[in-house]
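Engineer: I'd like to ask some things about the structure below.
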Amino acid sequence: MEPANTLREDGECKGGILAHLERLETQMNRSHKRFEGPQRTQAEESTLGTRIHKLRLLRDKLRAEVKQRQAEIEASAASTEPDQTLETSEQEVLETKLENLKALLQAYHFTGLSGKLTSRGVSVCIHTAFDGNLLDSYIVDLVIEKPLWIHHHSVPVFIPLEEIAAKYLQTDVQHFLFSLCEHLNGYAGRKYQADRLQSDFAAFLAGPLQRNSLCNVLSFTYKVELGGQSFLFCARLLYKDLTVTLPTDVTVTHRGTDALSTSWEEQRVSHENLFRTTSLHKAFTSFAGGEKLNMSLPPCYFH
């Protein structure tokens with residue numbers, strides 16, 4: 001944009017010429033009155049008229065130049081101001097997101113989510129826990145730019161981080177962090193249960209525990225005793241929702257060719273209910289304690 005003093009100088013120049021022109025016109029009018037008689041000379045009138053004509057041409061030229069200069073300045077302002085406004089708006093959005101992240105980390109410091117500011121944004125630490133036990137922690141470094149992006153993280157590859165980021169990171173950072181927390185805590189809780197089953201109740205298992213990386217599909221065979229008899233049950237636990245720690249589908253079958261008696265069938269059904277409604281290691285704790293399962297009670301009894 002042109003400095004303001006340029007327009008002021010143009011205006012002063014224009015004003016001086018116009019004032020001079022007005023004086024000459026006044027002088028000419030006076031001359032007309034003075035020389036209305038026989039004394040008026042044709043030479044003076046002609047000279048004065050010529051000067052007025054030249055000044056009028058110069059005035060019109062200056063007016064045109066000033067108009068053109070103003071139009072150029074207005075066009076330049078129109079082309080640059082939207083960009084400046086856009087840059088300011090984007091900066092304000094980024095600063096707001098950073099402030100929201102700082103407030104979020106402070107508010108949820110004691111709920112498994114903490115972090116610190118970095119030179120480029122914020123480093124978030126997600127602490128997982130299950131059943132009162134602190135488990136693994138994971139780091140996600142966010143760069144506060146437009147768009148927001150993840151610079152570094154320690155999230156396991158089988159956690160759908162990219163999917164969660166694509167869904168929430170640009171529109172709702174809080175929702176992104178909470179969703180990621182849910183997935184990590186769900187995984188940590190399932191893994192904890194599977195680890196406890198293998199370490200604490202290996203005597204019940206007839207063979208190794210089968211599980212995938214997400215620990216959302218668990219299969220195992222275990223021994224059950226009832227009334228002096230021993231049977232093998234095969235269990236398959238499926239967690240369709242990756243944020244949960246209790247299975248959505250449970251199947252317990254009898255391993256053998258003989259048909260189960262009524263009491264054993266009731267036992268099988270009770271085990272399905274138990275696995276569906278309580279943690280895996282707690283279910284086996286009840287087996288180890290020789291607890292009798294009351295078939296007449298609803299599944300919520302086994303919480």
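Lettering and numbering for the structure tokens are positional, with chains as A, B, ... in the shown order, residues counted from 1 in each chain, and ligands counted from 1 in the shown order.
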Tell me which protein, DNA and RNA residues are within 8 Å of A:His151, counting only C-alpha atoms, leaving out same-chain ones fewer than 6 positions away, and put them as a VMD selection string.
Structural biologist: chain A and resid 140 to 143
Engineer: Could you build a table of the residues in stretch 202-272 of chain A lying no more than 9 Å from stretch 156-162 of chain A, giving for each the nearest pair of atoms and their separation in Å rounded to one decimal place, using only C-alpha atoms, ordered by chain and ascending residue number, as a tab-separated table?
Structural biologist:
residue	atom	partner	partner_atom	distance
A:Ser213	CA	A:Phe158	CA	7.0
A:Leu214	CA	A:Phe158	CA	6.6
A:Leu242	CA	A:Ile159	CA	8.8
Engineer: Keeping only N, CA and C atoms, write the selected residues as a CSV table (one decimal), in the first residue's frame.
Structural biologist:
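Okay, out-v9.csv is ready:
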chain,number,residue,atom,x,y,z
A,213,SER,N,-3.0,-59.9,18.9
A,213,SER,CA,-2.3,-58.8,19.4
A,213,SER,C,-3.2,-57.8,20.2
A,214,LEU,N,-4.4,-57.6,19.8
A,214,LEU,CA,-5.3,-56.7,20.5
A,214,LEU,C,-5.9,-57.4,21.7
A,242,LEU,N,-13.5,-52.5,20.8
A,242,LEU,CA,-12.1,-52.5,21.3
A,242,LEU,C,-11.8,-51.6,22.5
Engineer: Considering only C-alpha atoms, return as a ChimeraX atom specification whatever protein or nucleic-acid residues lie within 6 Å of stretch 191-193 of chain A, sequence-local ones (same chain, fewer than 3 positions apart) excluded.
Structural biologist: /A:188,196,215,280-281
Engineer: Taking only C-alpha atoms into account, which of A:Leu205, A:Leu237, A:Leu232, A:Ala288 comes nearest A:Asp249?
Structural biologist: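 When distances to A:Asp249 are compared using only C-alpha atoms, the smallest one comes from A:Leu237.
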Engineer: Using backbone DSSP assignments, extract all helix (DSSP H, G or I) residues from stretch 130-226 of chain A; output them as a PyMOL selection string.
Structural biologist: chain A and resi 161-168+173-200+202-204
Engineer: Using the selection just defined, write its residues with N, CA, C and O atoms as a short mmCIF file (atom, residue, chain, number, x, y, z; two decimals), in the first residue's frame.
Structural biologist:
data_model
loop_
_atom_site.label_atom_id
_atom_site.label_comp_id
_atom_site.auth_asym_id
_atom_site.auth_seq_id
_atom_site.Cartn_x
_atom_site.Cartn_y
_atom_site.Cartn_z
N LEU A 161 -4.93 -45.85 15.70
CA LEU A 161 -4.61 -44.45 15.95
C LEU A 161 -4.94 -43.58 14.75
O LEU A 161 -5.53 -42.50 14.89
N GLU A 162 -4.56 -44.01 13.55
CA GLU A 162 -4.81 -43.20 12.36
C GLU A 162 -6.31 -43.00 12.13
O GLU A 162 -6.75 -41.91 11.75
N GLU A 163 -7.07 -44.04 12.37
CA GLU A 163 -8.52 -43.94 12.20
C GLU A 163 -9.12 -42.96 13.20
O GLU A 163 -9.96 -42.12 12.84
N ILE A 164 -8.67 -43.02 14.43
CA ILE A 164 -9.17 -42.11 15.47
C ILE A 164 -8.76 -40.68 15.15
O ILE A 164 -9.55 -39.74 15.29
N ALA A 165 -7.51 -40.49 14.71
CA ALA A 165 -7.02 -39.15 14.36
C ALA A 165 -7.80 -38.57 13.18
O ALA A 165 -8.16 -37.38 13.19
N ALA A 166 -8.04 -39.38 12.17
CA ALA A 166 -8.78 -38.90 11.00
C ALA A 166 -10.19 -38.48 11.37
O ALA A 166 -10.76 -37.56 10.78
N LYS A 167 -10.75 -39.11 12.37
CA LYS A 167 -12.13 -38.84 12.76
C LYS A 167 -12.27 -37.63 13.67
O LYS A 167 -13.24 -36.86 13.54
N TYR A 168 -11.30 -37.41 14.57
CA TYR A 168 -11.49 -36.40 15.60
C TYR A 168 -10.40 -35.33 15.71
O TYR A 168 -10.67 -34.24 16.22
N VAL A 173 -10.10 -32.10 19.57
CA VAL A 173 -8.91 -32.70 20.15
C VAL A 173 -9.24 -33.47 21.43
O VAL A 173 -8.68 -34.53 21.70
N GLN A 174 -10.16 -32.92 22.21
CA GLN A 174 -10.55 -33.60 23.45
C GLN A 174 -11.15 -34.97 23.16
O GLN A 174 -10.81 -35.96 23.81
N HIS A 175 -12.02 -35.03 22.16
CA HIS A 175 -12.63 -36.31 21.79
C HIS A 175 -11.57 -37.28 21.26
O HIS A 175 -11.63 -38.48 21.52
N PHE A 176 -10.61 -36.75 20.51
CA PHE A 176 -9.51 -37.59 20.02
C PHE A 176 -8.75 -38.24 21.17
O PHE A 176 -8.51 -39.45 21.17
N LEU A 177 -8.38 -37.44 22.18
CA LEU A 177 -7.61 -37.97 23.31
C LEU A 177 -8.43 -38.97 24.13
O LEU A 177 -7.93 -40.01 24.55
N PHE A 178 -9.70 -38.65 24.36
CA PHE A 178 -10.53 -39.55 25.14
C PHE A 178 -10.76 -40.87 24.41
O PHE A 178 -10.74 -41.94 25.02
N SER A 179 -10.99 -40.80 23.10
CA SER A 179 -11.19 -42.02 22.34
C SER A 179 -9.93 -42.88 22.35
O SER A 179 -10.00 -44.10 22.51
N LEU A 180 -8.77 -42.22 22.20
CA LEU A 180 -7.52 -42.96 22.26
C LEU A 180 -7.31 -43.58 23.64
O LEU A 180 -6.85 -44.72 23.76
N CYS A 181 -7.65 -42.83 24.69
CA CYS A 181 -7.56 -43.37 26.06
C CYS A 181 -8.43 -44.61 26.22
O CYS A 181 -8.01 -45.61 26.83
N GLU A 182 -9.63 -44.55 25.69
CA GLU A 182 -10.55 -45.70 25.80
C GLU A 182 -9.97 -46.93 25.12
O GLU A 182 -10.02 -48.04 25.66
N HIS A 183 -9.41 -46.74 23.93
CA HIS A 183 -8.84 -47.88 23.20
C HIS A 183 -7.63 -48.45 23.94
O HIS A 183 -7.49 -49.68 24.05
N LEU A 184 -6.78 -47.58 24.44
CA LEU A 184 -5.58 -48.06 25.14
C LEU A 184 -5.94 -48.74 26.46
O LEU A 184 -5.35 -49.77 26.82
N ASN A 185 -6.90 -48.18 27.18
CA ASN A 185 -7.30 -48.81 28.44
C ASN A 185 -8.05 -50.12 28.20
O ASN A 185 -7.90 -51.06 28.98
N GLY A 186 -8.82 -50.16 27.13
CA GLY A 186 -9.49 -51.42 26.79
C GLY A 186 -8.47 -52.51 26.48
O GLY A 186 -8.58 -53.65 26.98
N TYR A 187 -7.49 -52.18 25.68
CA TYR A 187 -6.43 -53.14 25.35
C TYR A 187 -5.66 -53.55 26.60
O TYR A 187 -5.40 -54.73 26.85
N ALA A 188 -5.28 -52.56 27.42
CA ALA A 188 -4.50 -52.85 28.63
C ALA A 188 -5.27 -53.76 29.58
O ALA A 188 -4.70 -54.68 30.19
N GLY A 189 -6.59 -53.50 29.72
CA GLY A 189 -7.41 -54.33 30.61
C GLY A 189 -7.54 -55.76 30.12
O GLY A 189 -7.47 -56.72 30.91
N ARG A 190 -7.74 -55.94 28.83
CA ARG A 190 -7.85 -57.30 28.27
C ARG A 190 -6.53 -58.04 28.39
O ARG A 190 -6.49 -59.24 28.73
N LYS A 191 -5.44 -57.35 28.10
CA LYS A 191 -4.12 -57.98 28.20
C LYS A 191 -3.81 -58.37 29.65
O LYS A 191 -3.25 -59.44 29.92
N TYR A 192 -4.17 -57.49 30.57
CA TYR A 192 -3.93 -57.78 31.99
C TYR A 192 -4.66 -59.06 32.41
O TYR A 192 -4.09 -59.92 33.11
N GLN A 193 -5.90 -59.21 32.01
CA GLN A 193 -6.68 -60.40 32.35
C GLN A 193 -6.06 -61.67 31.76
O GLN A 193 -5.96 -62.71 32.43
N ALA A 194 -5.64 -61.57 30.50
CA ALA A 194 -5.03 -62.74 29.85
C ALA A 194 -3.71 -63.10 30.52
O ALA A 194 -3.41 -64.29 30.73
N ASP A 195 -2.92 -62.09 30.86
CA ASP A 195 -1.65 -62.35 31.55
C ASP A 195 -1.88 -63.01 32.91
O ASP A 195 -1.17 -63.94 33.30
N ARG A 196 -2.88 -62.51 33.63
CA ARG A 196 -3.18 -63.08 34.94
C ARG A 196 -3.66 -64.53 34.81
O ARG A 196 -3.31 -65.39 35.64
N LEU A 197 -4.44 -64.81 33.79
CA LEU A 197 -4.91 -66.18 33.59
C LEU A 197 -3.73 -67.12 33.36
O LEU A 197 -3.66 -68.21 33.94
N GLN A 198 -2.79 -66.70 32.51
CA GLN A 198 -1.63 -67.54 32.22
C GLN A 198 -0.70 -67.70 33.42
O GLN A 198 -0.16 -68.77 33.67
N SER A 199 -0.51 -66.62 34.18
CA SER A 199 0.46 -66.67 35.27
C SER A 199 -0.11 -67.27 36.56
O SER A 199 0.58 -68.00 37.27
N ASP A 200 -1.36 -66.98 36.86
CA ASP A 200 -1.91 -67.37 38.16
C ASP A 200 -2.76 -68.64 38.11
O ASP A 200 -2.98 -69.27 39.15
N ALA A 202 -2.46 -71.27 35.62
CA ALA A 202 -1.96 -72.21 34.62
C ALA A 202 -2.39 -73.64 34.93
O ALA A 202 -2.56 -74.46 34.01
N ALA A 203 -2.60 -73.95 36.23
CA ALA A 203 -3.00 -75.31 36.61
C ALA A 203 -4.38 -75.67 36.08
O ALA A 203 -4.70 -76.86 35.91
N PHE A 204 -5.20 -74.69 35.80
CA PHE A 204 -6.54 -74.95 35.26
C PHE A 204 -6.52 -75.17 33.75
O PHE A 204 -7.46 -75.73 33.19
#
Engineer: What's around A:Phe231 at 9 Å? Count only C-alpha atoms, leave out sequence neighbours fewer than 2 positions away in its own chain, and write the answer as an mmCIF file with all heavy atoms, in the first residue's frame.
Structural biologist:
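Dumped to selection_6.cif:
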data_model
loop_
_atom_site.group_PDB
_atom_site.id
_atom_site.type_symbol
_atom_site.label_atom_id
_atom_site.label_comp_id
_atom_site.auth_asym_id
_atom_site.auth_seq_id
_atom_site.Cartn_x
_atom_site.Cartn_y
_atom_site.Cartn_z
ATOM 1 N N TYR A 222 -9.939 -75.427 29.544
ATOM 2 C CA TYR A 222 -9.679 -75.506 30.978
ATOM 3 C C TYR A 222 -10.437 -76.686 31.600
ATOM 4 O O TYR A 222 -11.432 -77.164 31.062
ATOM 5 C CB TYR A 222 -10.060 -74.202 31.679
ATOM 6 C CG TYR A 222 -11.521 -73.810 31.583
ATOM 7 C CD1 TYR A 222 -12.383 -74.017 32.664
ATOM 8 C CD2 TYR A 222 -12.043 -73.238 30.428
ATOM 9 C CE1 TYR A 222 -13.715 -73.663 32.594
ATOM 10 C CE2 TYR A 222 -13.361 -72.876 30.351
ATOM 11 C CZ TYR A 222 -14.212 -73.088 31.424
ATOM 12 O OH TYR A 222 -15.541 -72.745 31.353
ATOM 13 N N LYS A 223 -9.922 -77.114 32.735
ATOM 14 C CA LYS A 223 -10.485 -78.260 33.440
ATOM 15 C C LYS A 223 -11.489 -77.808 34.489
ATOM 16 O O LYS A 223 -11.266 -76.822 35.188
ATOM 17 C CB LYS A 223 -9.366 -79.069 34.117
ATOM 18 C CG LYS A 223 -8.402 -79.714 33.137
ATOM 19 C CD LYS A 223 -7.234 -80.356 33.857
ATOM 20 C CE LYS A 223 -6.276 -79.295 34.402
ATOM 21 N NZ LYS A 223 -5.050 -79.920 34.974
ATOM 22 N N VAL A 224 -12.579 -78.563 34.575
ATOM 23 C CA VAL A 224 -13.618 -78.282 35.556
ATOM 24 C C VAL A 224 -13.953 -79.580 36.287
ATOM 25 O O VAL A 224 -14.086 -80.641 35.671
ATOM 26 C CB VAL A 224 -14.890 -77.720 34.887
ATOM 27 C CG1 VAL A 224 -15.946 -77.392 35.942
ATOM 28 C CG2 VAL A 224 -14.569 -76.503 34.051
ATOM 29 N N GLU A 225 -14.067 -79.475 37.605
ATOM 30 C CA GLU A 225 -14.417 -80.639 38.412
ATOM 31 C C GLU A 225 -15.748 -80.395 39.108
ATOM 32 O O GLU A 225 -16.003 -79.301 39.609
ATOM 33 C CB GLU A 225 -13.331 -80.924 39.453
ATOM 34 C CG GLU A 225 -12.015 -81.373 38.840
ATOM 35 C CD GLU A 225 -10.993 -81.793 39.896
ATOM 36 O OE1 GLU A 225 -11.338 -81.706 41.105
ATOM 37 O OE2 GLU A 225 -9.886 -82.164 39.525
ATOM 38 N N LEU A 226 -16.577 -81.424 39.118
ATOM 39 C CA LEU A 226 -17.875 -81.335 39.765
ATOM 40 C C LEU A 226 -18.298 -82.728 40.216
ATOM 41 O O LEU A 226 -18.369 -83.645 39.394
ATOM 42 C CB LEU A 226 -18.933 -80.764 38.807
ATOM 43 C CG LEU A 226 -20.347 -80.613 39.365
ATOM 44 C CD1 LEU A 226 -20.362 -79.596 40.508
ATOM 45 C CD2 LEU A 226 -21.319 -80.196 38.266
ATOM 46 N N GLN A 229 -16.114 -85.665 39.321
ATOM 47 C CA GLN A 229 -15.880 -85.854 37.886
ATOM 48 C C GLN A 229 -15.116 -84.660 37.329
ATOM 49 O O GLN A 229 -15.232 -83.536 37.817
ATOM 50 C CB GLN A 229 -17.206 -86.015 37.133
ATOM 51 C CG GLN A 229 -17.929 -87.326 37.412
ATOM 52 C CD GLN A 229 -19.198 -87.420 36.581
ATOM 53 O OE1 GLN A 229 -20.089 -86.576 36.673
ATOM 54 N NE2 GLN A 229 -19.272 -88.458 35.756
ATOM 55 N N PHE A 233 -13.630 -77.940 29.358
ATOM 56 C CA PHE A 233 -14.453 -76.962 28.656
ATOM 57 C C PHE A 233 -13.552 -76.112 27.766
ATOM 58 O O PHE A 233 -12.432 -75.750 28.143
ATOM 59 C CB PHE A 233 -15.180 -76.039 29.643
ATOM 60 C CG PHE A 233 -16.413 -76.645 30.266
ATOM 61 C CD1 PHE A 233 -17.028 -76.030 31.345
ATOM 62 C CD2 PHE A 233 -16.955 -77.818 29.773
ATOM 63 C CE1 PHE A 233 -18.161 -76.564 31.915
ATOM 64 C CE2 PHE A 233 -18.094 -78.373 30.345
ATOM 65 C CZ PHE A 233 -18.694 -77.749 31.418
ATOM 66 N N HIS A 254 -18.300 -78.162 25.525
ATOM 67 C CA HIS A 254 -17.717 -79.333 26.172
ATOM 68 C C HIS A 254 -16.786 -80.025 25.193
ATOM 69 O O HIS A 254 -17.149 -80.284 24.039
ATOM 70 C CB HIS A 254 -18.838 -80.288 26.640
ATOM 71 C CG HIS A 254 -18.341 -81.641 27.029
ATOM 72 N ND1 HIS A 254 -18.819 -82.816 26.449
ATOM 73 C CD2 HIS A 254 -17.384 -82.025 27.912
ATOM 74 C CE1 HIS A 254 -18.190 -83.848 26.972
ATOM 75 N NE2 HIS A 254 -17.322 -83.395 27.864
ATOM 76 N N ARG A 255 -15.591 -80.334 25.645
ATOM 77 C CA ARG A 255 -14.636 -81.020 24.787
ATOM 78 C C ARG A 255 -14.781 -82.526 25.024
ATOM 79 O O ARG A 255 -14.277 -83.077 25.994
ATOM 80 C CB ARG A 255 -13.214 -80.567 25.107
ATOM 81 C CG ARG A 255 -12.156 -81.199 24.222
ATOM 82 C CD ARG A 255 -10.801 -80.587 24.539
ATOM 83 N NE ARG A 255 -9.739 -81.242 23.811
ATOM 84 C CZ ARG A 255 -8.447 -80.918 23.886
ATOM 85 N NH1 ARG A 255 -8.080 -79.904 24.677
ATOM 86 N NH2 ARG A 255 -7.536 -81.558 23.190
ATOM 87 N N GLY A 256 -15.457 -83.158 24.137
ATOM 88 C CA GLY A 256 -15.680 -84.601 24.262
ATOM 89 C C GLY A 256 -16.879 -85.004 23.416
ATOM 90 O O GLY A 256 -17.604 -84.158 22.879
ATOM 91 N N TRP A 264 -24.077 -80.717 34.413
ATOM 92 C CA TRP A 264 -22.910 -80.225 33.676
ATOM 93 C C TRP A 264 -23.318 -79.164 32.640
ATOM 94 O O TRP A 264 -22.581 -78.213 32.398
ATOM 95 C CB TRP A 264 -22.171 -81.373 32.998
ATOM 96 C CG TRP A 264 -21.221 -82.065 33.918
ATOM 97 C CD1 TRP A 264 -21.381 -83.268 34.520
ATOM 98 C CD2 TRP A 264 -19.963 -81.555 34.364
ATOM 99 N NE1 TRP A 264 -20.313 -83.574 35.314
ATOM 100 C CE2 TRP A 264 -19.416 -82.535 35.245
ATOM 101 C CE3 TRP A 264 -19.238 -80.403 34.132
ATOM 102 C CZ2 TRP A 264 -18.190 -82.371 35.867
ATOM 103 C CZ3 TRP A 264 -18.020 -80.236 34.750
ATOM 104 C CH2 TRP A 264 -17.503 -81.209 35.614
#
Engineer: Need the shell around stretch 126-134 of chain A: protein/DNA/RNA residues with any atom at most 6 Å away, counting only C-alpha atoms. Skip same-chain ones fewer than 2 positions apart. Format as a PyMOL selection string?
Structural biologist: chain A and resi 112-113+136-138+185+189
